[in-house]
$ cat target.pdb   # PDB, C-alpha atoms and all ligand atoms
MODEL        1
ATOM      1  CA  MET O   7     -14.447   6.096 -12.003
ATOM      2  CA  GLU O   8     -12.257   8.245 -14.225
ATOM      3  CA  ARG O   9      -8.790   7.097 -15.324
ATOM      4  CA  LYS O  10      -6.127   9.782 -15.646
ATOM      5  CA  VAL O  11      -2.521   9.753 -16.813
ATOM      6  CA  ILE O  12       0.411  12.039 -15.998
ATOM      7  CA  SER O  13       3.659  11.890 -17.924
ATOM      8  CA  THR O  14       7.075  13.063 -16.701
ATOM      9  CA  GLU O  15      10.636  12.158 -17.674
ATOM     10  CA  ARG O  16      10.976   9.913 -14.596
ATOM     11  CA  PHE O  17       7.478   8.452 -14.935
ATOM     12  CA  PRO O  18       6.607   8.349 -18.647
ATOM     13  CA  LYS O  19       3.177   6.992 -17.688
ATOM     14  CA  LEU O  20       1.676   7.493 -14.254
ATOM     15  CA  SER O  21      -1.847   6.141 -14.302
ATOM     16  CA  TYR O  22      -4.505   6.495 -11.599
ATOM     17  CA  THR O  23      -8.255   6.478 -11.116
ATOM     18  CA  VAL O  24     -10.432   9.050  -9.373
ATOM     19  CA  SER O  25     -13.852   8.107  -7.950
ATOM     20  CA  GLY O  26     -16.319  10.091  -5.869
ATOM     21  CA  LYS O  27     -16.223  13.449  -4.132
ATOM     22  CA  GLY O  28     -15.127  14.573  -0.690
ATOM     23  CA  TYR O  29     -11.895  14.516   1.292
ATOM     24  CA  PRO O  30      -9.182  12.769  -0.741
ATOM     25  CA  VAL O  31      -8.183   9.223   0.179
ATOM     26  CA  ILE O  32      -5.320   7.690  -1.824
ATOM     27  CA  LEU O  33      -4.991   3.896  -1.805
ATOM     28  CA  LEU O  34      -1.650   2.298  -2.724
ATOM     29  CA  HIS O  35      -1.401  -1.336  -3.737
ATOM     30  CA  GLY O  36       1.381  -3.760  -2.819
ATOM     31  CA  PHE O  37       3.862  -6.034  -4.609
ATOM     32  CA  PRO O  38       3.411  -7.013  -7.477
ATOM     33  CA  LEU O  39      -0.228  -6.004  -7.822
ATOM     34  CA  ASP O  40      -2.076  -3.025  -9.287
ATOM     35  CA  GLY O  41      -4.695  -0.470  -8.297
ATOM     36  CA  LYS O  42      -7.551  -2.789  -9.286
ATOM     37  CA  ILE O  43      -6.929  -4.728  -6.108
ATOM     38  CA  TRP O  44      -8.828  -1.945  -4.270
ATOM     39  CA  ASP O  45     -11.966  -2.085  -6.485
ATOM     40  CA  ASN O  46     -14.307  -3.483  -3.804
ATOM     41  CA  VAL O  47     -13.155  -0.863  -1.302
ATOM     42  CA  VAL O  48     -13.408   1.973  -3.844
ATOM     43  CA  THR O  49     -17.029   1.039  -4.620
ATOM     44  CA  ARG O  50     -17.892   1.367  -0.940
ATOM     45  CA  ILE O  51     -15.903   4.388   0.200
ATOM     46  CA  SER O  52     -16.249   6.569  -2.914
ATOM     47  CA  LYS O  53     -19.831   7.251  -1.789
ATOM     48  CA  GLU O  54     -18.297   9.579   0.818
ATOM     49  CA  TYR O  55     -14.721  10.303  -0.267
ATOM     50  CA  CYS O  56     -12.751  11.225  -3.343
ATOM     51  CA  VAL O  57     -10.783   8.001  -3.772
ATOM     52  CA  ILE O  58      -7.611   8.075  -5.858
ATOM     53  CA  VAL O  59      -5.975   4.798  -6.780
ATOM     54  CA  PRO O  60      -2.634   4.907  -8.579
ATOM     55  CA  ASP O  61      -0.843   2.068 -10.280
ATOM     56  CA  ILE O  62       2.612   2.324  -8.676
ATOM     57  CA  PRO O  63       5.191   2.921 -11.465
ATOM     58  CA  GLY O  64       6.164  -0.487 -12.870
ATOM     59  CA  CYS O  65       2.731  -2.013 -12.113
ATOM     60  CA  GLY O  66      -0.555  -2.060 -13.990
ATOM     61  CA  SER O  67      -0.391   0.644 -16.630
ATOM     62  CA  SER O  68       2.238   2.885 -14.944
ATOM     63  CA  HIS O  69       5.903   2.947 -15.971
ATOM     64  CA  PHE O  70       9.182   4.307 -14.643
ATOM     65  CA  ALA O  71      12.250   5.308 -16.658
ATOM     66  CA  GLY O  72      15.524   3.426 -16.084
ATOM     67  CA  GLU O  73      16.058   0.287 -14.029
ATOM     68  CA  VAL O  74      15.920   1.556 -10.448
ATOM     69  CA  LEU O  75      12.954   2.687  -8.365
ATOM     70  CA  SER O  76      13.241   3.404  -4.645
ATOM     71  CA  ILE O  77      10.396   3.427  -2.138
ATOM     72  CA  GLU O  78      10.967   7.211  -1.946
ATOM     73  CA  ASP O  79      10.482   7.396  -5.743
ATOM     74  CA  MET O  80       7.112   5.701  -5.279
ATOM     75  CA  ALA O  81       6.239   8.354  -2.655
ATOM     76  CA  LYS O  82       7.327  11.103  -5.057
ATOM     77  CA  SER O  83       5.053   9.693  -7.755
ATOM     78  CA  ILE O  84       2.145  10.017  -5.289
ATOM     79  CA  LYS O  85       3.125  13.632  -4.600
ATOM     80  CA  LEU O  86       2.990  14.293  -8.365
ATOM     81  CA  ILE O  87      -0.548  12.919  -8.465
ATOM     82  CA  ALA O  88      -1.608  14.944  -5.392
ATOM     83  CA  ASP O  89      -0.173  18.104  -6.957
ATOM     84  CA  HIS O  90      -1.773  17.375 -10.314
ATOM     85  CA  GLU O  91      -5.141  16.946  -8.589
ATOM     86  CA  LYS O  92      -4.458  20.154  -6.581
ATOM     87  CA  LEU O  93      -4.972  18.294  -3.302
ATOM     88  CA  ASP O  94      -3.976  20.139  -0.181
ATOM     89  CA  LYS O  95      -3.921  17.264   2.328
ATOM     90  CA  ILE O  96      -4.644  13.588   1.831
ATOM     91  CA  ILE O  97      -5.351  10.418   3.729
ATOM     92  CA  LEU O  98      -2.826   7.939   2.356
ATOM     93  CA  ALA O  99      -3.310   4.219   2.946
ATOM     94  CA  GLY O 100      -0.894   1.632   1.581
ATOM     95  CA  HIS O 101      -1.029  -2.125   1.356
ATOM     96  CA  SER O 102       2.240  -3.819   2.346
ATOM     97  CA  MET O 103       4.859  -2.357  -0.074
ATOM     98  CA  GLY O 104       2.355   0.483  -0.624
ATOM     99  CA  GLY O 105       2.488   1.042   3.162
ATOM    100  CA  TYR O 106       6.281   1.360   2.986
ATOM    101  CA  ALA O 107       5.701   4.031   0.306
ATOM    102  CA  ALA O 108       3.082   5.755   2.503
ATOM    103  CA  LEU O 109       5.631   5.954   5.336
ATOM    104  CA  ALA O 110       8.247   7.361   2.934
ATOM    105  CA  PHE O 111       5.650   9.946   1.847
ATOM    106  CA  ALA O 112       5.091  10.850   5.523
ATOM    107  CA  ALA O 113       8.840  11.366   5.932
ATOM    108  CA  LEU O 114       9.217  13.443   2.746
ATOM    109  CA  PHE O 115       5.962  15.435   2.788
ATOM    110  CA  PRO O 116       4.610  15.412   6.364
ATOM    111  CA  GLY O 117       2.568  18.573   5.837
ATOM    112  CA  LYS O 118       0.513  16.907   3.068
ATOM    113  CA  LEU O 119      -1.107  14.268   5.284
ATOM    114  CA  LEU O 120      -4.320  14.029   7.267
ATOM    115  CA  GLY O 121      -3.739  10.389   8.166
ATOM    116  CA  ILE O 122      -1.643   7.327   7.287
ATOM    117  CA  GLY O 123      -3.089   3.851   6.755
ATOM    118  CA  LEU O 124      -0.909   0.747   7.015
ATOM    119  CA  VAL O 125      -2.804  -2.193   5.556
ATOM    120  CA  HIS O 126      -0.895  -5.403   6.349
ATOM    121  CA  SER O 127       2.236  -3.280   6.515
ATOM    122  CA  PHE O 128       4.745  -2.069   9.100
ATOM    123  CA  ALA O 129       7.528   0.425   9.715
ATOM    124  CA  THR O 130      10.593  -1.703  10.368
ATOM    125  CA  ALA O 131      13.189  -2.443   7.672
ATOM    126  CA  ASP O 132      13.948  -5.885   6.223
ATOM    127  CA  SER O 133      15.832  -8.280   8.512
ATOM    128  CA  GLU O 134      19.109  -9.692   7.143
ATOM    129  CA  GLU O 135      17.300 -12.996   6.532
ATOM    130  CA  LYS O 136      14.573 -11.242   4.533
ATOM    131  CA  LYS O 137      17.185  -9.361   2.494
ATOM    132  CA  ASP O 138      18.904 -12.685   1.653
ATOM    133  CA  GLN O 139      15.587 -14.211   0.574
ATOM    134  CA  ARG O 140      14.881 -11.236  -1.667
ATOM    135  CA  LEU O 141      18.379 -11.384  -3.208
ATOM    136  CA  LYS O 142      17.788 -15.084  -4.028
ATOM    137  CA  SER O 143      14.447 -14.177  -5.628
ATOM    138  CA  ILE O 144      16.166 -11.472  -7.705
ATOM    139  CA  GLU O 145      18.588 -14.136  -8.996
ATOM    140  CA  LEU O 146      15.583 -16.321  -9.807
ATOM    141  CA  PHE O 147      13.884 -13.483 -11.745
ATOM    142  CA  LYS O 148      17.106 -12.946 -13.717
ATOM    143  CA  LYS O 149      17.112 -16.651 -14.651
ATOM    144  CA  GLY O 150      13.531 -16.518 -15.955
ATOM    145  CA  GLY O 151      11.764 -17.670 -12.777
ATOM    146  CA  ARG O 152       9.231 -14.834 -12.744
ATOM    147  CA  GLU O 153       6.128 -16.811 -13.723
ATOM    148  CA  PRO O 154       6.489 -19.801 -11.334
ATOM    149  CA  PHE O 155       7.418 -17.359  -8.559
ATOM    150  CA  ILE O 156       4.227 -15.327  -9.026
ATOM    151  CA  ARG O 157       2.001 -18.384  -9.489
ATOM    152  CA  GLN O 158       3.337 -19.863  -6.261
ATOM    153  CA  MET O 159       3.334 -16.575  -4.298
ATOM    154  CA  ILE O 160      -0.121 -15.099  -4.902
ATOM    155  CA  PRO O 161      -2.163 -17.875  -3.191
ATOM    156  CA  THR O 162       0.129 -17.663  -0.127
ATOM    157  CA  LEU O 163      -1.069 -14.083   0.405
ATOM    158  CA  PHE O 164      -4.505 -15.433   1.387
ATOM    159  CA  SER O 165      -5.625 -17.316   4.502
ATOM    160  CA  ALA O 166      -6.294 -21.058   4.128
ATOM    161  CA  ALA O 167     -10.058 -20.394   4.273
ATOM    162  CA  SER O 168      -9.849 -17.675   1.596
ATOM    163  CA  ARG O 169      -7.774 -19.940  -0.666
ATOM    164  CA  THR O 170     -10.730 -22.295  -0.985
ATOM    165  CA  GLU O 171     -13.425 -19.592  -1.088
ATOM    166  CA  LEU O 172     -11.820 -17.007  -3.362
ATOM    167  CA  THR O 173     -10.414 -19.142  -6.182
ATOM    168  CA  GLU O 174     -11.664 -16.842  -8.950
ATOM    169  CA  ALA O 175     -10.236 -13.704  -7.292
ATOM    170  CA  ILE O 176      -6.900 -15.468  -6.764
ATOM    171  CA  ARG O 177      -6.845 -16.583 -10.402
ATOM    172  CA  SER O 178      -7.539 -13.103 -11.725
ATOM    173  CA  ILE O 179      -5.028 -11.406  -9.367
ATOM    174  CA  THR O 180      -2.392 -13.938 -10.456
ATOM    175  CA  GLU O 181      -3.053 -13.211 -14.141
ATOM    176  CA  ARG O 182      -2.706  -9.458 -13.554
ATOM    177  CA  ALA O 183       0.427  -9.881 -11.408
ATOM    178  CA  LEU O 184       1.962 -11.901 -14.270
ATOM    179  CA  LEU O 185       1.863  -8.727 -16.378
ATOM    180  CA  THR O 186       4.496  -7.156 -14.092
ATOM    181  CA  GLU O 187       7.824  -7.048 -15.909
ATOM    182  CA  ASN O 188      11.019  -8.596 -14.572
ATOM    183  CA  LYS O 189      12.605  -5.148 -14.426
ATOM    184  CA  SER O 190       9.871  -3.990 -12.016
ATOM    185  CA  LEU O 191      10.035  -7.080  -9.803
ATOM    186  CA  ILE O 192      13.790  -6.630  -9.443
ATOM    187  CA  ALA O 193      13.469  -2.896  -8.789
ATOM    188  CA  PHE O 194      10.752  -3.463  -6.144
ATOM    189  CA  TYR O 195      12.780  -6.096  -4.276
ATOM    190  CA  ASN O 196      15.864  -3.857  -4.316
ATOM    191  CA  ALA O 197      13.688  -0.953  -3.133
ATOM    192  CA  MET O 198      12.369  -3.003  -0.223
ATOM    193  CA  ILE O 199      15.859  -4.265   0.682
ATOM    194  CA  ASN O 200      17.143  -0.685   0.782
ATOM    195  CA  ARG O 201      14.257   0.922   2.636
ATOM    196  CA  PRO O 202      15.146   2.375   6.036
ATOM    197  CA  ASP O 203      13.509   1.713   9.347
ATOM    198  CA  ARG O 204      10.647   4.201   9.670
ATOM    199  CA  THR O 205       9.623   3.600  13.270
ATOM    200  CA  SER O 206      10.921   7.064  14.225
ATOM    201  CA  ASN O 207       8.488   8.561  11.688
ATOM    202  CA  LEU O 208       5.662   6.818  13.500
ATOM    203  CA  LYS O 209       6.830   8.232  16.830
ATOM    204  CA  ASP O 210       7.007  11.706  15.300
ATOM    205  CA  SER O 211       3.714  11.408  13.449
ATOM    206  CA  THR O 212       1.385  14.323  14.045
ATOM    207  CA  VAL O 213      -1.439  12.534  12.210
ATOM    208  CA  PRO O 214      -3.423   9.428  13.183
ATOM    209  CA  VAL O 215      -2.269   6.020  11.947
ATOM    210  CA  LEU O 216      -4.597   3.208  10.860
ATOM    211  CA  TRP O 217      -3.456  -0.409  11.228
ATOM    212  CA  ILE O 218      -5.183  -3.263   9.418
ATOM    213  CA  ILE O 219      -3.808  -6.627  10.526
ATOM    214  CA  GLY O 220      -4.741 -10.124   9.312
ATOM    215  CA  GLU O 221      -4.501 -12.901  11.907
ATOM    216  CA  ASP O 222      -3.436 -15.371   9.201
ATOM    217  CA  ASP O 223      -1.039 -13.016   7.381
ATOM    218  CA  ASN O 224       2.215 -14.767   6.405
ATOM    219  CA  ILE O 225       3.976 -11.575   5.266
ATOM    220  CA  ALA O 226       3.229  -8.818   7.787
ATOM    221  CA  ILE O 227       4.191 -11.035  10.716
ATOM    222  CA  ASN O 228       6.934  -8.791  11.942
ATOM    223  CA  LYS O 229       7.726  -9.610  15.573
ATOM    224  CA  ASN O 230       7.348  -5.966  16.562
ATOM    225  CA  LEU O 231       4.146  -5.340  14.638
ATOM    226  CA  MET O 232       1.861  -5.015  17.673
ATOM    227  CA  GLN O 233       4.428  -2.823  19.446
ATOM    228  CA  GLN O 234       4.507  -0.537  16.408
ATOM    229  CA  THR O 235       0.768  -0.010  16.687
ATOM    230  CA  SER O 236       1.264   2.079  19.815
ATOM    231  CA  LEU O 237       4.167   4.242  18.609
ATOM    232  CA  ALA O 238       2.182   7.061  17.044
ATOM    233  CA  ASN O 239       0.137   9.433  19.140
ATOM    234  CA  VAL O 240      -3.213   8.199  17.761
ATOM    235  CA  ASN O 241      -3.685   4.682  16.394
ATOM    236  CA  PHE O 242      -6.735   2.896  15.037
ATOM    237  CA  VAL O 243      -5.934  -0.837  15.197
ATOM    238  CA  TYR O 244      -8.115  -3.513  13.580
ATOM    239  CA  VAL O 245      -7.230  -7.214  13.636
ATOM    240  CA  TYR O 246      -9.250  -9.493  11.341
ATOM    241  CA  SER O 247      -9.631 -13.199  11.991
ATOM    242  CA  HIS O 248      -9.584 -15.678   9.061
ATOM    243  CA  CYS O 249      -7.794 -13.003   7.039
ATOM    244  CA  GLY O 250      -4.370 -13.258   5.456
ATOM    245  CA  HIS O 251      -2.425 -10.468   3.732
ATOM    246  CA  MET O 252      -5.296  -9.358   1.471
ATOM    247  CA  GLY O 253      -7.911  -7.676   3.649
ATOM    248  CA  MET O 254      -9.146  -5.532   0.750
ATOM    249  CA  ILE O 255     -10.387  -8.791  -0.851
ATOM    250  CA  GLU O 256     -10.752 -11.158   2.103
ATOM    251  CA  ALA O 257     -12.510  -8.680   4.412
ATOM    252  CA  ASP O 258     -13.492  -5.894   2.013
ATOM    253  CA  GLU O 259     -16.617  -4.803   3.881
ATOM    254  CA  ALA O 260     -14.923  -4.588   7.306
ATOM    255  CA  LEU O 261     -11.878  -2.885   5.814
ATOM    256  CA  SER O 262     -14.020  -0.302   4.003
ATOM    257  CA  ASN O 263     -15.992   0.467   7.174
ATOM    258  CA  ASP O 264     -12.861   0.718   9.305
ATOM    259  CA  LEU O 265     -11.113   2.900   6.745
ATOM    260  CA  MET O 266     -14.153   5.200   6.679
ATOM    261  CA  SER O 267     -14.259   5.474  10.498
ATOM    262  CA  PHE O 268     -10.587   6.387  10.423
ATOM    263  CA  ALA O 269     -11.054   8.884   7.577
ATOM    264  CA  GLU O 270     -14.010  10.450   9.366
ATOM    265  CA  TYR O 271     -11.838  11.059  12.431
ATOM    266  CA  CYS O 272      -8.945  12.471  10.338
ATOM    267  CA  CYS O 273     -11.322  14.838   8.524
ATOM    268  CA  TRP O 274     -12.993  15.939  11.762
ATOM    269  CA  ARG O 275      -9.530  16.825  13.148
ATOM    270  CA  ASP O 276      -8.844  18.814  10.007
ATOM    271  CA  ARG O 277     -12.142  20.690  10.093
ATOM    272  CA  THR O 278     -11.767  21.581  13.775
ATOM    273  CA  ASN O 279      -7.963  22.101  13.733
ATOM    274  CA  TYR O 280      -7.866  19.561  16.538
ATOM    275  CA  VAL O 281      -4.454  18.683  18.005
ATOM    276  CA  GLU O 282      -4.102  15.817  20.494
ATOM    277  CA  LYS O 283      -2.220  16.517  23.689
ATOM    278  CA  GLY O 284       1.165  14.745  23.544
TER     279      GLY O 284
HETATM  280  C1  LIG K 301       3.714  -6.801  -0.557
HETATM  281  O1  LIG K 301       2.674  -7.460  -0.371
HETATM  282  O2  LIG K 301       3.689  -5.648  -0.986
HETATM  283  C2  LIG K 301       5.047  -7.458  -0.271
HETATM  284  O3  LIG K 301       4.865  -8.795   0.016
HETATM  285  C3  LIG K 301       5.748  -6.760   0.841
HETATM  286  C4  LIG K 301       7.049  -7.392   1.203
HETATM  287  O4  LIG K 301       7.513  -8.341   0.543
HETATM  288  O5  LIG K 301       7.666  -6.923   2.188
ENDMDL
END

$ encode --input "target.pdb" --output "structure tokens" --more "lines below"
Ligand code: MLT
Amino acid sequence: MERKVISTERFPKLSYTVSGKGYPVILLHGFPLDGKIWDNVVTRISKEYCVIVPDIPGCGSSHFAGEVLSIEDMAKSIKLIADHEKLDKIILAGHSMGGYAALAFAALFPGKLLGIGLVHSFATADSEEKKDQRLKSIELFKKGGREPFIRQMIPTLFSAASRTELTEAIRSITERALLTENKSLIAFYNAMINRPDRTSNLKDSTVPVLWIIGEDDNIAINKNLMQQTSLANVNFVYVYSHCGHMGMIEADEALSNDLMSFAEYCCWRDRTNYVEKG
């Protein structure tokens, strides 16, 4: 695994890892985590693919300039990495907030994709209730509530079974999440509040879409989630039992295998110039 850094005015430090050789698969983490969250998956899939794992600006060791960062900005930071690595087309899979960024990437740079993966993520925008909750959390961050918020939130991302089995992983993820600055937490919540509905991008998608769904997920429980899984022309849908919002930890082997089956199909389409009939 090689760590690389790009520096631009907007992103003074854009850090990512590259592992393995083959078709490029980029894995985006969610809120408020970092690229390390994908380690178990990278170990497995980098035997067959070139796996690139960025820290989204504001997380891990990546930074953004100023106070504001939209979901589209996150997508643009991925485009910078793809260009820097001279990648023609990529498979882009995002976890939760990373999935929102993957959908923004699909809207901005549709010609750069071989496939989109939505890992515990979905295409609809925040409901009014969700926006209110996020605004309250932003007020809490401003009043110094960052640490208790993160300590309380991280365990809720896991299923009840995982919470008892994966105590060490939960502890270490919490410690890393605590490194995320207030400025980033606020920017991410504002970014998620302001993100548009992307269901039309799914309908228009000319590339296959992968869905990873946890039966015990408390976050990606959008009412329309299952309906969204049939919007694109080609969908690979996997539902994991006893899994919450963190399939890359809670079901790392299944997720790696399912991601590789999906990638294999996307790459076969690319090699054969295959186009599904509409
Ligand atoms: C995430 O896991 O990235 C966030 O929980 C997503 C969200 O809050 O919508």

$ closest_residue --input "target.pdb" --among "O:Val240, O:Asn200, O:Glu282, O:Asn263" --to "Leu75 in chain O" --atoms "all atoms listed in the file"
O:Asn200

$ closest_residue --input "target.pdb" --among "O:Leu109, O:Ala166, O:Ala131, O:Ile58" --to "Ile87 in chain O" --atoms "only C-alpha atoms"
O:Ile58

$ residues_around --input "target.pdb" --residues "range 12-23 of chain O" --least-positions-apart "5" --cutoff "12 Å" --atoms "all atoms listed in the file" --output "ChimeraX atom specification"
/O:7,31-35,40-42,44-45,48,52,56-75,79-80,82-91

$ resolve_selection --input "target.pdb" --expression "the PyMOL selection byres (((not hetatm)) within 8 of (chain K and resi 301))" --output "ChimeraX atom specification"
/O:35-39,101-105,126-127,132,163,195,198,225-226,251

$ closest_residue --input "target.pdb" --among "O:Tyr106, O:Phe194, O:Tyr246, O:Phe111" --to "Ser165 in chain O" --atoms "all atoms listed in the file"
O:Tyr246

$ residues_around --input "target.pdb" --residues "Leu237 in chain O" --least-positions-apart "6" --cutoff "8 Å" --atoms "only C-alpha atoms" --output "compact mmCIF listing (two decimals) with C-alpha atoms, in the frame of the given file"
# COMPACT_ATOMS: atom_id res chain seq x y z
CA THR O 205 9.62 3.60 13.27
CA LEU O 208 5.66 6.82 13.50
CA LYS O 209 6.83 8.23 16.83

$ atom_distance --input "target.pdb" --atom1 "CA of Pro214 in chain O" --atom2 "CA of Ser133 in chain O"
26.6 Å

$ resolve_selection --input "target.pdb" --expression "the PyMOL selection byres (((chain O and resi 119) around 10) and not hetatm)" --output "JSON, numbers by chain"
{"O": [94, 95, 96, 97, 98, 108, 111, 112, 115, 116, 117, 118, 120, 121, 122, 211, 212, 213, 214, 272]}

$ axis_aligned_box --input "target.pdb" --around "range 25-29 of chain O" --padding-each-side "8 Å" --output "AutoDock Vina command-line options"
--center_x -14.1 --center_y 11.3 --center_z -3.3 --size_x 20.4 --size_y 22.5 --size_z 25.2

$ closest_residue --input "target.pdb" --among "O:Glu8, O:Phe147, O:Thr235, O:Thr173" --to "Ser190 in chain O" --atoms "all atoms listed in the file"
O:Phe147

$ residues_around --input "target.pdb" --residues "Glu145 in chain O" --least-positions-apart "5" --cutoff "12 Å" --atoms "only C-alpha atoms" --output "ChimeraX atom specification"
/O:138-140,150-152,155,188,191-192,195-196

$ residues_around --input "target.pdb" --residues "Gly220 in chain O" --least-positions-apart "3" --cutoff "12 Å" --atoms "all atoms listed in the file" --output "ChimeraX atom specification"
/O:101-102,124-127,163-165,168,217,223-227,231-232,243-257,260-261

$ atom_distance --input "target.pdb" --atom1 "CA of Asn207 in chain O" --atom2 "CA of Tyr55 in chain O"
26.2 Å

$ atom_distance --input "target.pdb" --atom1 "CA of Lys189 in chain O" --atom2 "CA of Glu135 in chain O"
22.9 Å

$ residues_around --input "target.pdb" --residues "Arg157 in chain O" --least-positions-apart "6" --cutoff "9 Å" --atoms "all atoms listed in the file" --output "list in words"
Thr180, Glu181, Ala183 and Leu184 of chain O

$ closest_residue --input "target.pdb" --among "O:Ile51, O:Phe128, O:Ala167, O:Ala81" --to "Gln233 in chain O" --atoms "all atoms listed in the file"
O:Phe128
